[in-house]
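Peer 1: Following this message is one structure expressed as structure tokens.
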Protein chains: 4
Amino acid sequence: MTKAERTRELIITKAAPLFNTKGVAGTSMSDILEVTKLAKGSLYVHFEDKEDLAHAVVDYHIERLGKAIETALGKAASAQGKLLAYIDLFMDPVNPLLAGGCPMLNFGMESDDTDQVIRKKICSFMDTGLKLIYSIIKSGKDNGEFKADWDGKEFSIRMFATIEGGIMMSRIAGDNKTMKVIARGLKKEIEDHSA
Amino acid sequence: MTKAERTRELIITKAAPLFNTKGVAGTSMSDILEVTKLAKGSLYVHFEDKEDLAHAVVDYHIERLGKAIETALGKAASAQGKLLAYIDLFMDPVNPLLAGGCPMLNFGMESDDTDQVIRKKICSFMDTGLKLIYSIIKSGKDNGEFKADWDGKEFSIRMFATIEGGIMMSRIAGDNKTMKVIARGLKKEIEDHSA
Amino acid sequence: MTKAERTRELIITKAAPLFNTKGVAGTSMSDILEVTKLAKGSLYVHFEDKEDLAHAVVDYHIERLGKAIETALGKAASAQGKLLAYIDLFMDPVNPLLAGGCPMLNFGMESDDTDQVIRKKICSFMDTGLKLIYSIIKSGKDNGEFKADWDGKEFSIRMFATIEGGIMMSRIAGDNKTMKVIARGLKKEIEDHSA
Amino acid sequence: MTKAERTRELIITKAAPLFNTKGVAGTSMSDILEVTKLAKGSLYVHFEDKEDLAHAVVDYHIERLGKAIETALGKAASAQGKLLAYIDLFMDPVNPLLAGGCPMLNFGMESDDTDQVIRKKICSFMDTGLKLIYSIIKSGKDNGEFKADWDGKEFSIRMFATIEGGIMMSRIAGDNKTMKVIARGLKKEIEDHSA
DNA sequence: TATGAATGAGCCTTCATTCAT
DNA sequence: TATGAATGAAGGCTCATTCAT
């Protein structure tokens, strides 16, 4: 990793929690300077402008979340285990994996009317997640873990939506009670479809 | 209504879509001046500062959404009808009731780490909504519409979360497909619990 | 004159010598703040941006120079007197009427490749000047002051060009010797065409 | 020519049209980096600072213009031919010899109040040009081409000024009409003084 | 109450330049 | 010599807000 790459990475990693916490509009370049301890012009050596940095930060969040999911699911042997692991990953929205909470919610809700590049990045990551859940269910049906008549497509969409909604509710409430109810419900449904 | 009250109302109604679309941080007082066509100082005659206005705007959104729900549900005679009406109200996130989309998602996700007053307003409105759904189910169970063993508390939370998650997904995707799948699932579940 | 008009006028009059001396690109908004003793944002109450202010300053220079010519020529009774008065007005480029020198030269030469609005303003003022000289010659011929066969069009262009070139040369040299030679030549030519 | 000298030359030749077009203040070191495709630090290997480069660029313009004059006049056999050749060299200000137009006008007018080094360079080049014209007239008088009573000093100054003024006027107007009138006038005067 | 000029902190960004590599 | 990352002052401009009218 060259020096430039290291600095770029430093900026992204330091800026990431700020953007995810205060939003893109709510975070100033000065805020980022402060946490990176870099000099004024330095940010612009590595990023064209605030927008460019914001996009890189979104990519970073997507990558981190993607890897976290991959890791968590990698530890599970069965399809059912993977689904449960996925749910568990989002069980604590008050102390989330990524400071500020789920970047899909944060960046998605800020960008839907204001930044189409970010919206599309989040959209494509959402699709990836959806497809992942679907593929797990499918493989579970293929290997006999899950009942063959389970509608994997419908469930993957609903599970995804429910989790995100649960995260939103828990973060707004400031406690995880809601998320727990939701997780229990989803898990029960998964178990109900075990063969 | 005095002239002052009317001006105040004008500011709030014109500012509301801006805040809900671009966020609080992303909306400037000048943006609001522009759409209200008021003079610079006028805003501060009616609101202490931007924060104060933002809070009033959140209240306004809550009130409007609350009334829309009330109206929609008022038209339905049965408990089941009310639940279905509630779902239908959120069926078109791409062309939402309130410009910018669901204010609980927008203000909730922007404020969770930045503005505790807004967060609490959204939180308490969320509670109201949750309780409303719960009370409908309860009354449905009381009058024999719904099976007595239906867990109303769990379902109301899950329904709320799923709808919000569905709104989020549809807005990020830019189309309502997701929302339709979710609505169908929730409605089926409701019907499955009809007595 | 309203307060706003007074402030606007203050900014223009204070900024004018700066722009005419250091050029538009070479003058910063901070330079202007300093001489006007206004606060940061105040400039933008009266002007959209630096370009807008620069255009107003060019207009101001044009107006002042136009009025100075008008006044000087007004004092002369005859056509010949007017032509000589015009020349006299530009006789001291080292201590010019307008700080920084002839705005046609300064703004014209800076803007020809960079700001078409300024270029056109200067161009149209130049045309006015040209037409003025021509009309003086014509009226002199009409009233019998000048010989009828004098080519007024050619001379007005050449007189204008020679004066501007003389200003340029004197300012570059830092002394008025060149300008004096030129003035003498032009005046002789005018006298040679007296009837 | 060493590599360093070649790079230095490259920078100057690429920077020259920029400075002559947008002015010194209006041209940034980044602009120059862009057209030279050099690395950031490289400029400062060859030039102390922007001022130093600007001075070199002025020298370059002076040298090019000087050589162009020399070449054009070299082709003419008689003194009269040389004077006419000189005038012809400046006949098309809209598509000038040097991109941006006459460097004496451009750098002269920008520098007269801001950069004494540039001003003096232009001043001394102007003197050279003036002396050249004078010497041509003198030699023409010596060899009997021109009338002995022609005031060569006065005419050389006036011719120089008129041409520069004509360039200015044509560039501001965006067409060469003015310049043509002026050239015709000067040429006629030259012919009128032929012996 | 309403106005809009004025404020000055702060915004994002570019500037000329330096310096470690 | 050449590189390009780093610097921090300064650039133009917008911000939320105040205040005299």
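The chains in the structure tokens are called A, B, ... from first to last as shown; in each chain the residues are counted from 1, and the ligands are counted from 1 in the order shown.
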Need to verify the contact set: A:Lys187, 9 Å, only C-alpha atoms (C1' of nucleotides), exclusion of same-chain residues closer than 3 positions in sequence. Can you return it as a list in words?
Peer 2: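 Once the adjacent positions are removed, what remains is Leu83, Leu84, Ile87, Ile182, Ala183, Arg184, Ile190, Glu191 and Asp192 of chain A.
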Peer 1: Produce a table with one row for each residue of chain F that has an atom at most 10 Å from any atom of stretch 36-59 of chain B, each row naming the nearest atom pair and its distance in Å at one decimal; use only C-alpha atoms (C1' of nucleotides); arrange rows by chain and rising residue number; format as a Markdown table.
Peer 2:
| residue | atom | partner | partner_atom | distance |
| --- | --- | --- | --- | --- |
| F:DA16 | C1' | B:Lys50 | CA | 7.6 |
| F:DT17 | C1' | B:Asp49 | CA | 7.9 |
| F:DT18 | C1' | B:Gly41 | CA | 8.7 |
| F:DC19 | C1' | B:Gly41 | CA | 9.5 |
Peer 1: Counting only C-alpha atoms (C1' of nucleotides), what are the residues of chain F within 9 Å of chain C, and for each of them which pair of atoms is the nearest and at what distance in Å, to one decimal? Sort the table by chain and rising number, as a Markdown table.
Peer 2:
| residue | atom | partner | partner_atom | distance |
| --- | --- | --- | --- | --- |
| F:DG11 | C1' | C:Ser28 | CA | 7.7 |
| F:DG12 | C1' | C:Met29 | CA | 7.3 |
| F:DC13 | C1' | C:Asp49 | CA | 7.8 |
| F:DT14 | C1' | C:Gly41 | CA | 8.4 |
Peer 1: Define the interface residues of chain B facing chain A as those within 8 Å, counting only C-alpha atoms, and report them as a PyMOL selection string.
Peer 2: chain B and resi 21-23+25-26+100+105-106+108-110+112-114+119-120+122-123+126+154+157-158+160-166+168-169+171-173+178+181-182+185
Peer 1: Report the closest atom pair, with its distance in Å rounded to one decimal, for each residue of chain E that has an atom no farther than 12 Å from chain C; count only C-alpha atoms (C1' of nucleotides), sort by chain and then rising residue number, and write it as JSON lines.
Peer 2:
{"residue": "E:DG4", "atom": "C1'", "partner": "C:Ala4", "partner_atom": "CA", "distance": 9.1}
{"residue": "E:DA5", "atom": "C1'", "partner": "C:Ala4", "partner_atom": "CA", "distance": 6.8}
{"residue": "E:DA6", "atom": "C1'", "partner": "C:Ser42", "partner_atom": "CA", "distance": 6.1}
{"residue": "E:DT7", "atom": "C1'", "partner": "C:Ala39", "partner_atom": "CA", "distance": 6.2}
{"residue": "E:DG8", "atom": "C1'", "partner": "C:Lys40", "partner_atom": "CA", "distance": 6.5}
{"residue": "E:DA9", "atom": "C1'", "partner": "C:Lys40", "partner_atom": "CA", "distance": 9.6}
{"residue": "E:DG10", "atom": "C1'", "partner": "C:Lys40", "partner_atom": "CA", "distance": 11.2}
Peer 1: List every residue of stretch 76-170 of chain B that DSSP, applied to the backbone of this structure, places in helix (DSSP H, G or I), and write the result as a ChimeraX atom specification.
Peer 2: /B:79-89,103-111,116-142,152-170
Peer 1: Please measure the separation of atom CA of C:Met1 and atom CA of C:Gly74, giving the value in Å to one decimal.
Peer 2: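 Going from atom CA of C:Met1 over to atom CA of C:Gly74 covers 27.4 Å.
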Peer 1: Can you pull out every residue within 7 Å of stretch 134-143 of chain B, counting only C-alpha atoms (C1' of nucleotides), but drop anything in the same chain fewer than 5 positions away, and send it as an NGL selection string?
Peer 2: :B and (79 or 148 or 152-153 or 156)
Peer 1: Give me a file of those residues, with all heavy atoms, as a PDB file, in the first residue's frame.
Peer 2:
ATOM      1  N   ALA B  79     -62.403  -4.357  11.814  1.00  0.00           N
ATOM      2  CA  ALA B  79     -61.009  -4.333  12.251  1.00  0.00           C
ATOM      3  C   ALA B  79     -60.109  -4.763  11.111  1.00  0.00           C
ATOM      4  O   ALA B  79     -59.078  -4.136  10.838  1.00  0.00           O
ATOM      5  CB  ALA B  79     -60.825  -5.249  13.462  1.00  0.00           C
ATOM      6  N   ALA B 148     -58.654 -15.710  18.570  1.00  0.00           N
ATOM      7  CA  ALA B 148     -58.308 -15.230  19.912  1.00  0.00           C
ATOM      8  C   ALA B 148     -56.847 -15.447  20.258  1.00  0.00           C
ATOM      9  O   ALA B 148     -56.279 -14.743  21.086  1.00  0.00           O
ATOM     10  CB  ALA B 148     -59.206 -15.907  20.946  1.00  0.00           C
ATOM     11  N   GLY B 152     -51.274 -10.192  19.044  1.00  0.00           N
ATOM     12  CA  GLY B 152     -51.444  -8.848  18.472  1.00  0.00           C
ATOM     13  C   GLY B 152     -50.229  -7.970  18.670  1.00  0.00           C
ATOM     14  O   GLY B 152     -49.871  -7.158  17.799  1.00  0.00           O
ATOM     15  N   LYS B 153     -49.603  -8.116  19.797  1.00  0.00           N
ATOM     16  CA  LYS B 153     -48.448  -7.260  20.079  1.00  0.00           C
ATOM     17  C   LYS B 153     -47.309  -7.554  19.102  1.00  0.00           C
ATOM     18  O   LYS B 153     -46.761  -6.654  18.465  1.00  0.00           O
ATOM     19  CB  LYS B 153     -47.978  -7.514  21.519  1.00  0.00           C
ATOM     20  CG  LYS B 153     -47.011  -6.482  21.989  1.00  0.00           C
ATOM     21  CD  LYS B 153     -47.194  -6.190  23.477  1.00  0.00           C
ATOM     22  CE  LYS B 153     -46.556  -4.888  23.889  1.00  0.00           C
ATOM     23  NZ  LYS B 153     -46.561  -4.734  25.353  1.00  0.00           N
ATOM     24  N   SER B 156     -48.299  -6.414  15.517  1.00  0.00           N
ATOM     25  CA  SER B 156     -48.317  -4.961  15.273  1.00  0.00           C
ATOM     26  C   SER B 156     -46.893  -4.438  15.092  1.00  0.00           C
ATOM     27  O   SER B 156     -46.631  -3.631  14.202  1.00  0.00           O
ATOM     28  CB  SER B 156     -49.040  -4.235  16.409  1.00  0.00           C
ATOM     29  OG  SER B 156     -48.422  -4.492  17.641  1.00  0.00           O
TER      30      SER B 156
END
